[in-house]
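K.L.:
Input file: run-v9.cif. Contents: mmCIF, C-alpha atoms, pLDDT in the B column; chains and numbers go by the auth columns.
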```cif
data_protein
loop_
_atom_site.group_PDB
_atom_site.id
_atom_site.type_symbol
_atom_site.label_atom_id
_atom_site.label_comp_id
_atom_site.label_asym_id
_atom_site.label_seq_id
_atom_site.Cartn_x
_atom_site.Cartn_y
_atom_site.Cartn_z
_atom_site.B_iso_or_equiv
_atom_site.auth_seq_id
_atom_site.auth_asym_id
ATOM 1 C CA MET A 1 17.002 -18.475 -3.433 42.00 929 A
ATOM 2 C CA MET A 2 13.606 -17.269 -2.135 41.00 930 A
ATOM 3 C CA MET A 3 15.185 -15.095 0.586 41.00 931 A
ATOM 4 C CA THR A 4 17.620 -13.568 -1.904 39.00 932 A
ATOM 5 C CA THR A 5 14.769 -12.713 -4.267 37.00 933 A
ATOM 6 C CA MET A 6 12.679 -11.167 -1.494 41.00 934 A
ATOM 7 C CA MET A 7 15.588 -9.167 -0.084 43.00 935 A
ATOM 8 C CA THR A 8 16.504 -7.935 -3.591 40.00 936 A
ATOM 9 C CA THR A 9 12.914 -6.842 -4.092 42.00 937 A
ATOM 10 C CA MET A 10 12.867 -5.109 -0.699 43.00 938 A
ATOM 11 C CA THR A 11 16.092 -3.189 -1.345 46.00 939 A
ATOM 12 C CA ASN A 12 14.885 -1.990 -4.760 51.00 940 A
ATOM 13 C CA THR A 13 11.694 -0.458 -3.363 57.00 941 A
ATOM 14 C CA THR A 14 10.805 1.819 -0.513 65.00 942 A
ATOM 15 C CA THR A 15 10.461 -0.249 2.646 62.00 943 A
ATOM 16 C CA THR A 16 7.165 0.339 4.418 65.00 944 A
ATOM 17 C CA GLU A 17 5.158 -1.372 7.137 60.00 945 A
ATOM 18 C CA LYS A 18 2.908 -2.831 4.464 66.00 946 A
ATOM 19 C CA ASN A 19 5.611 -4.528 2.390 74.00 947 A
ATOM 20 C CA ILE A 20 7.883 -5.559 5.256 72.00 948 A
ATOM 21 C CA ARG A 21 5.078 -7.800 6.502 70.00 949 A
ATOM 22 C CA VAL A 22 5.692 -10.132 3.537 72.00 950 A
ATOM 23 C CA CYS A 23 9.480 -9.961 3.845 79.00 951 A
ATOM 24 C CA GLU A 24 11.610 -12.654 5.455 85.00 952 A
ATOM 25 C CA LEU A 25 12.370 -11.205 8.890 90.00 953 A
ATOM 26 C CA VAL A 26 15.228 -13.584 9.766 92.00 954 A
ATOM 27 C CA GLY A 27 18.486 -11.700 9.354 92.00 955 A
ATOM 28 C CA LEU A 28 17.023 -8.218 9.821 93.00 956 A
ATOM 29 C CA ASN A 29 18.196 -5.894 12.575 94.00 957 A
ATOM 30 C CA VAL A 30 15.429 -5.127 15.042 96.00 958 A
ATOM 31 C CA THR A 31 14.737 -3.007 18.096 96.00 959 A
ATOM 32 C CA VAL A 32 11.841 -3.510 20.503 97.00 960 A
ATOM 33 C CA ARG A 33 10.148 -0.124 20.705 96.00 961 A
ATOM 34 C CA ARG A 34 7.197 -0.991 22.955 96.00 962 A
ATOM 35 C CA ALA A 35 6.222 -4.184 24.784 96.00 963 A
ATOM 36 C CA CYS A 36 3.878 -5.442 27.477 94.00 964 A
ATOM 37 C CA ASN A 37 7.007 -6.594 29.311 93.00 965 A
ATOM 38 C CA GLU A 38 8.938 -3.375 30.007 94.00 966 A
ATOM 39 C CA ASP A 39 12.194 -5.361 30.351 93.00 967 A
ATOM 40 C CA LEU A 40 12.129 -5.996 26.587 93.00 968 A
ATOM 41 C CA VAL A 41 11.854 -2.326 25.557 95.00 969 A
ATOM 42 C CA GLY A 42 15.080 -1.151 23.938 94.00 970 A
ATOM 43 C CA LEU A 43 16.338 -4.663 23.175 94.00 971 A
ATOM 44 C CA THR A 44 18.324 -4.566 19.941 95.00 972 A
ATOM 45 C CA GLY A 45 19.755 -7.363 17.860 96.00 973 A
ATOM 46 C CA LYS A 46 19.305 -9.546 14.813 96.00 974 A
ATOM 47 C CA VAL A 47 16.308 -11.781 14.137 96.00 975 A
ATOM 48 C CA THR A 48 17.542 -15.385 14.144 96.00 976 A
ATOM 49 C CA ASP A 49 14.230 -17.261 14.078 95.00 977 A
ATOM 50 C CA GLU A 50 10.518 -16.661 13.861 93.00 978 A
ATOM 51 C CA THR A 51 7.381 -18.625 14.714 93.00 979 A
ATOM 52 C CA ARG A 52 3.712 -17.704 14.518 93.00 980 A
ATOM 53 C CA ASN A 53 3.781 -15.941 17.883 95.00 981 A
ATOM 54 C CA MET A 54 7.453 -15.237 18.627 95.00 982 A
ATOM 55 C CA ILE A 55 10.555 -13.592 17.208 96.00 983 A
ATOM 56 C CA VAL A 56 13.967 -14.753 18.417 97.00 984 A
ATOM 57 C CA ILE A 57 16.578 -12.001 18.698 97.00 985 A
ATOM 58 C CA ILE A 58 20.295 -12.448 19.340 96.00 986 A
ATOM 59 C CA ASP A 59 22.245 -9.510 20.746 89.00 987 A
ATOM 60 C CA SER A 60 25.107 -7.835 18.877 84.00 988 A
ATOM 61 C CA ALA A 61 27.695 -9.772 20.891 85.00 989 A
ATOM 62 C CA GLY A 62 26.094 -13.022 19.727 86.00 990 A
ATOM 63 C CA ARG A 63 25.750 -14.393 23.261 88.00 991 A
ATOM 64 C CA ASN A 64 22.161 -13.832 24.390 91.00 992 A
ATOM 65 C CA CYS A 65 18.965 -14.962 22.664 94.00 993 A
ATOM 66 C CA LYS A 66 15.649 -13.466 23.662 94.00 994 A
ATOM 67 C CA TYR A 67 12.231 -14.788 22.709 96.00 995 A
ATOM 68 C CA ILE A 68 9.920 -11.845 22.045 96.00 996 A
ATOM 69 C CA PRO A 69 6.158 -12.314 21.702 96.00 997 A
ATOM 70 C CA LYS A 70 4.709 -10.611 18.639 95.00 998 A
ATOM 71 C CA ALA A 71 1.411 -9.793 20.350 95.00 999 A
ATOM 72 C CA GLY A 72 1.598 -6.594 22.368 95.00 1000 A
ATOM 73 C CA THR A 73 4.991 -5.608 20.941 97.00 1001 A
ATOM 74 C CA GLU A 74 6.014 -2.856 18.557 97.00 1002 A
ATOM 75 C CA PHE A 75 9.191 -3.447 16.546 96.00 1003 A
ATOM 76 C CA LEU A 76 11.560 -1.255 14.555 95.00 1004 A
ATOM 77 C CA PHE A 77 13.050 -3.298 11.686 93.00 1005 A
ATOM 78 C CA SER A 78 16.011 -2.075 9.645 89.00 1006 A
ATOM 79 C CA CYS A 79 15.937 -3.146 6.010 79.00 1007 A
ATOM 80 C CA GLY A 80 17.729 -1.678 3.030 77.00 1008 A
ATOM 81 C CA GLY A 81 18.799 1.439 4.899 81.00 1009 A
ATOM 82 C CA ALA A 82 15.252 2.183 6.059 85.00 1010 A
ATOM 83 C CA THR A 83 13.774 1.738 9.527 90.00 1011 A
ATOM 84 C CA VAL A 84 10.175 0.577 9.649 91.00 1012 A
ATOM 85 C CA GLN A 85 7.882 0.487 12.678 93.00 1013 A
ATOM 86 C CA VAL A 86 5.717 -2.657 12.802 92.00 1014 A
ATOM 87 C CA ASP A 87 2.977 -3.569 15.256 93.00 1015 A
ATOM 88 C CA GLY A 88 3.560 -7.199 16.216 93.00 1016 A
ATOM 89 C CA HIS A 89 -0.049 -8.286 15.790 91.00 1017 A
ATOM 90 C CA THR A 90 0.164 -7.422 12.052 89.00 1018 A
ATOM 91 C CA ILE A 91 2.888 -10.066 11.589 90.00 1019 A
ATOM 92 C CA GLN A 92 1.396 -12.596 13.975 90.00 1020 A
ATOM 93 C CA LYS A 93 1.362 -15.430 11.465 86.00 1021 A
ATOM 94 C CA ARG A 94 3.802 -18.095 10.447 82.00 1022 A
ATOM 95 C CA PRO A 95 6.286 -16.628 7.948 79.00 1023 A
ATOM 96 C CA PHE A 96 4.910 -18.559 4.953 80.00 1024 A
ATOM 97 C CA GLU A 97 1.344 -17.435 5.764 82.00 1025 A
ATOM 98 C CA ARG A 98 2.261 -13.732 5.414 74.00 1026 A
ATOM 99 C CA VAL A 99 3.218 -14.015 1.728 68.00 1027 A
#
```
Turn the structure described in the file into structure tokens.
P.N.:
Amino acid sequence: MMMTTMMTTMTNTTTTEKNIRVCELVGLNVTVRRACNEDLVGLTGKVTDETRNMIVIIDSAGRNCKYIPKAGTEFLFSCGGATVQVDGHTIQKRPFERV
């Protein structure tokens, strides 16, 4: 119920870096734009889990999971038809602490 409410709210407003920080990230499409580990740059998939310091991404084929540190990483999240750039340190909290 909570996720549905938040996603409905997000799709009815303009998605920005400020309001995506309080959104549930699990289920969103994401691309790693910049990272300390160059091997992660360009990784695209769907967020399947999130902790205080990590985001778990599964690739489009559904076979490979990657654990991406939030610190030192810049993400591009797709939500409601908009793409929003987010610096990982701004979301470096447990999901319920961002609300």
K.L.:
Would you translate the PyMOL selection byres ((chain A and resi 1002) around 8) into the concrete set of residues it matches in this file, as an MDAnalysis selection string?
P.N.:
chainID A and resid 960:963 998 1000:1001 1003:1004 1013:1016
K.L.:
Just so the selection is clear, what residues does the PyMOL selection byres ((chain A and resi 1022) around 12) cover here, as a list of chain:residue names?
P.N.:
A:Arg949, A:Val950, A:Cys951, A:Glu952, A:Leu953, A:Asp977, A:Glu978, A:Thr979, A:Arg980, A:Asn981, A:Met982, A:Ile983, A:Lys998, A:His1017, A:Thr1018, A:Ile1019, A:Gln1020, A:Lys1021, A:Pro1023, A:Phe1024, A:Glu1025, A:Arg1026, A:Val1027
K.L.:
Mind running range 940-975 of chain A against range 989-996 of chain A at 12 Å and telling me each contacting residue's nearest atom pair with the distance in Å (one decimal), counting only C-alpha atoms, chain and number ascending, as a Markdown table?
P.N.:
```
| residue | atom | partner | partner_atom | distance |
| --- | --- | --- | --- | --- |
| A:Val958 | CA | A:Ile996 | CA | 11.2 |
| A:Thr959 | CA | A:Ile996 | CA | 10.8 |
| A:Val960 | CA | A:Ile996 | CA | 8.7 |
| A:Arg961 | CA | A:Ile996 | CA | 11.8 |
| A:Arg962 | CA | A:Ile996 | CA | 11.2 |
| A:Ala963 | CA | A:Ile996 | CA | 8.9 |
| A:Cys964 | CA | A:Ile996 | CA | 10.3 |
| A:Asn965 | CA | A:Ile996 | CA | 9.4 |
| A:Glu966 | CA | A:Ile996 | CA | 11.7 |
| A:Asp967 | CA | A:Ile996 | CA | 10.8 |
| A:Leu968 | CA | A:Ile996 | CA | 7.7 |
| A:Val969 | CA | A:Ile996 | CA | 10.3 |
| A:Leu971 | CA | A:Lys994 | CA | 8.8 |
| A:Thr972 | CA | A:Lys994 | CA | 10.0 |
| A:Gly973 | CA | A:Gly990 | CA | 8.7 |
| A:Lys974 | CA | A:Gly990 | CA | 9.1 |
| A:Val975 | CA | A:Cys993 | CA | 9.5 |
```
K.L.:
Given the selection you just returned, output its residues as a file containing C-alpha atoms, formatted as a PDB file, in the frame of the given file.
P.N.:
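Everything below was put into part09.pdb:
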```pdb
ATOM      1  CA  VAL A 958      15.429  -5.127  15.042  1.00 96.00           C
ATOM      2  CA  THR A 959      14.737  -3.007  18.096  1.00 96.00           C
ATOM      3  CA  VAL A 960      11.841  -3.510  20.503  1.00 97.00           C
ATOM      4  CA  ARG A 961      10.148  -0.124  20.705  1.00 96.00           C
ATOM      5  CA  ARG A 962       7.197  -0.991  22.955  1.00 96.00           C
ATOM      6  CA  ALA A 963       6.222  -4.184  24.784  1.00 96.00           C
ATOM      7  CA  CYS A 964       3.878  -5.442  27.477  1.00 94.00           C
ATOM      8  CA  ASN A 965       7.007  -6.594  29.311  1.00 93.00           C
ATOM      9  CA  GLU A 966       8.938  -3.375  30.007  1.00 94.00           C
ATOM     10  CA  ASP A 967      12.194  -5.361  30.351  1.00 93.00           C
ATOM     11  CA  LEU A 968      12.129  -5.996  26.587  1.00 93.00           C
ATOM     12  CA  VAL A 969      11.854  -2.326  25.557  1.00 95.00           C
ATOM     13  CA  LEU A 971      16.338  -4.663  23.175  1.00 94.00           C
ATOM     14  CA  THR A 972      18.324  -4.566  19.941  1.00 95.00           C
ATOM     15  CA  GLY A 973      19.755  -7.363  17.860  1.00 96.00           C
ATOM     16  CA  LYS A 974      19.305  -9.546  14.813  1.00 96.00           C
ATOM     17  CA  VAL A 975      16.308 -11.781  14.137  1.00 96.00           C
TER      18      VAL A 975
END
```
K.L.:
To one decimal place in Å, what is the distance between CA of Ile948 in chain A and CA of Ile986 in chain A?
P.N.:
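These two atoms are separated by 20.0 Å.
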K.L.:
Report, in Å to a single decimal, how far apart CA of Asn947 in chain A and CA of Gly970 in chain A are.
P.N.:
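CA of Gly970 in chain A sits 23.8 Å away from CA of Asn947 in chain A.
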K.L.:
Please supply range 948-968 of chain A, rebuilt with N, CA and C atoms, as an mmCIF file, in the coordinates of the input.
P.N.:
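For reference, result_33.cif as written:
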```cif
data_model
loop_
_atom_site.group_PDB
_atom_site.id
_atom_site.type_symbol
_atom_site.label_atom_id
_atom_site.label_comp_id
_atom_site.auth_asym_id
_atom_site.auth_seq_id
_atom_site.Cartn_x
_atom_site.Cartn_y
_atom_site.Cartn_z
ATOM 1 N N ILE A 948 6.970 -4.780 4.412
ATOM 2 C CA ILE A 948 7.883 -5.559 5.256
ATOM 3 C C ILE A 948 7.164 -6.755 5.873
ATOM 4 N N ARG A 949 5.839 -6.684 5.943
ATOM 5 C CA ARG A 949 5.078 -7.800 6.502
ATOM 6 C C ARG A 949 5.197 -9.065 5.659
ATOM 7 N N VAL A 950 5.529 -8.949 4.383
ATOM 8 C CA VAL A 950 5.692 -10.132 3.537
ATOM 9 C C VAL A 950 7.162 -10.499 3.358
ATOM 10 N N CYS A 951 8.036 -9.727 3.941
ATOM 11 C CA CYS A 951 9.480 -9.961 3.845
ATOM 12 C C CYS A 951 9.921 -11.036 4.842
ATOM 13 N N GLU A 952 10.987 -11.733 4.509
ATOM 14 C CA GLU A 952 11.610 -12.654 5.455
ATOM 15 C C GLU A 952 12.268 -11.818 6.545
ATOM 16 N N LEU A 953 11.855 -12.014 7.786
ATOM 17 C CA LEU A 953 12.370 -11.205 8.890
ATOM 18 C C LEU A 953 13.698 -11.718 9.434
ATOM 19 N N VAL A 954 13.974 -13.010 9.265
ATOM 20 C CA VAL A 954 15.228 -13.584 9.766
ATOM 21 C C VAL A 954 16.396 -12.893 9.070
ATOM 22 N N GLY A 955 17.319 -12.396 9.866
ATOM 23 C CA GLY A 955 18.486 -11.700 9.354
ATOM 24 C C GLY A 955 18.385 -10.181 9.453
ATOM 25 N N LEU A 956 17.185 -9.667 9.703
ATOM 26 C CA LEU A 956 17.023 -8.218 9.821
ATOM 27 C C LEU A 956 17.426 -7.739 11.216
ATOM 28 N N ASN A 957 17.935 -6.527 11.284
ATOM 29 C CA ASN A 957 18.196 -5.894 12.575
ATOM 30 C C ASN A 957 16.872 -5.382 13.121
ATOM 31 N N VAL A 958 16.698 -5.490 14.425
ATOM 32 C CA VAL A 958 15.429 -5.127 15.042
ATOM 33 C C VAL A 958 15.659 -4.501 16.408
ATOM 34 N N THR A 959 14.766 -3.600 16.771
ATOM 35 C CA THR A 959 14.737 -3.007 18.096
ATOM 36 C C THR A 959 13.311 -3.101 18.613
ATOM 37 N N VAL A 960 13.164 -3.473 19.884
ATOM 38 C CA VAL A 960 11.841 -3.510 20.503
ATOM 39 C C VAL A 960 11.533 -2.100 20.975
ATOM 40 N N ARG A 961 10.500 -1.506 20.376
ATOM 41 C CA ARG A 961 10.148 -0.124 20.705
ATOM 42 C C ARG A 961 9.171 -0.046 21.873
ATOM 43 N N ARG A 962 8.214 -0.957 21.898
ATOM 44 C CA ARG A 962 7.197 -0.991 22.955
ATOM 45 C C ARG A 962 6.841 -2.445 23.195
ATOM 46 N N ALA A 963 6.584 -2.805 24.460
ATOM 47 C CA ALA A 963 6.222 -4.184 24.784
ATOM 48 C C ALA A 963 5.439 -4.220 26.087
ATOM 49 N N CYS A 964 4.610 -5.238 26.220
ATOM 50 C CA CYS A 964 3.878 -5.442 27.477
ATOM 51 C C CYS A 964 4.861 -5.666 28.621
ATOM 52 N N ASN A 965 5.949 -6.365 28.337
ATOM 53 C CA ASN A 965 7.007 -6.594 29.311
ATOM 54 C C ASN A 965 8.037 -5.475 29.160
ATOM 55 N N GLU A 966 8.055 -4.544 30.079
ATOM 56 C CA GLU A 966 8.938 -3.375 30.007
ATOM 57 C C GLU A 966 10.422 -3.750 29.937
ATOM 58 N N ASP A 967 10.792 -4.933 30.411
ATOM 59 C CA ASP A 967 12.194 -5.361 30.351
ATOM 60 C C ASP A 967 12.679 -5.560 28.920
ATOM 61 N N LEU A 968 11.761 -5.756 27.981
ATOM 62 C CA LEU A 968 12.129 -5.996 26.587
ATOM 63 C C LEU A 968 12.317 -4.713 25.794
#
```
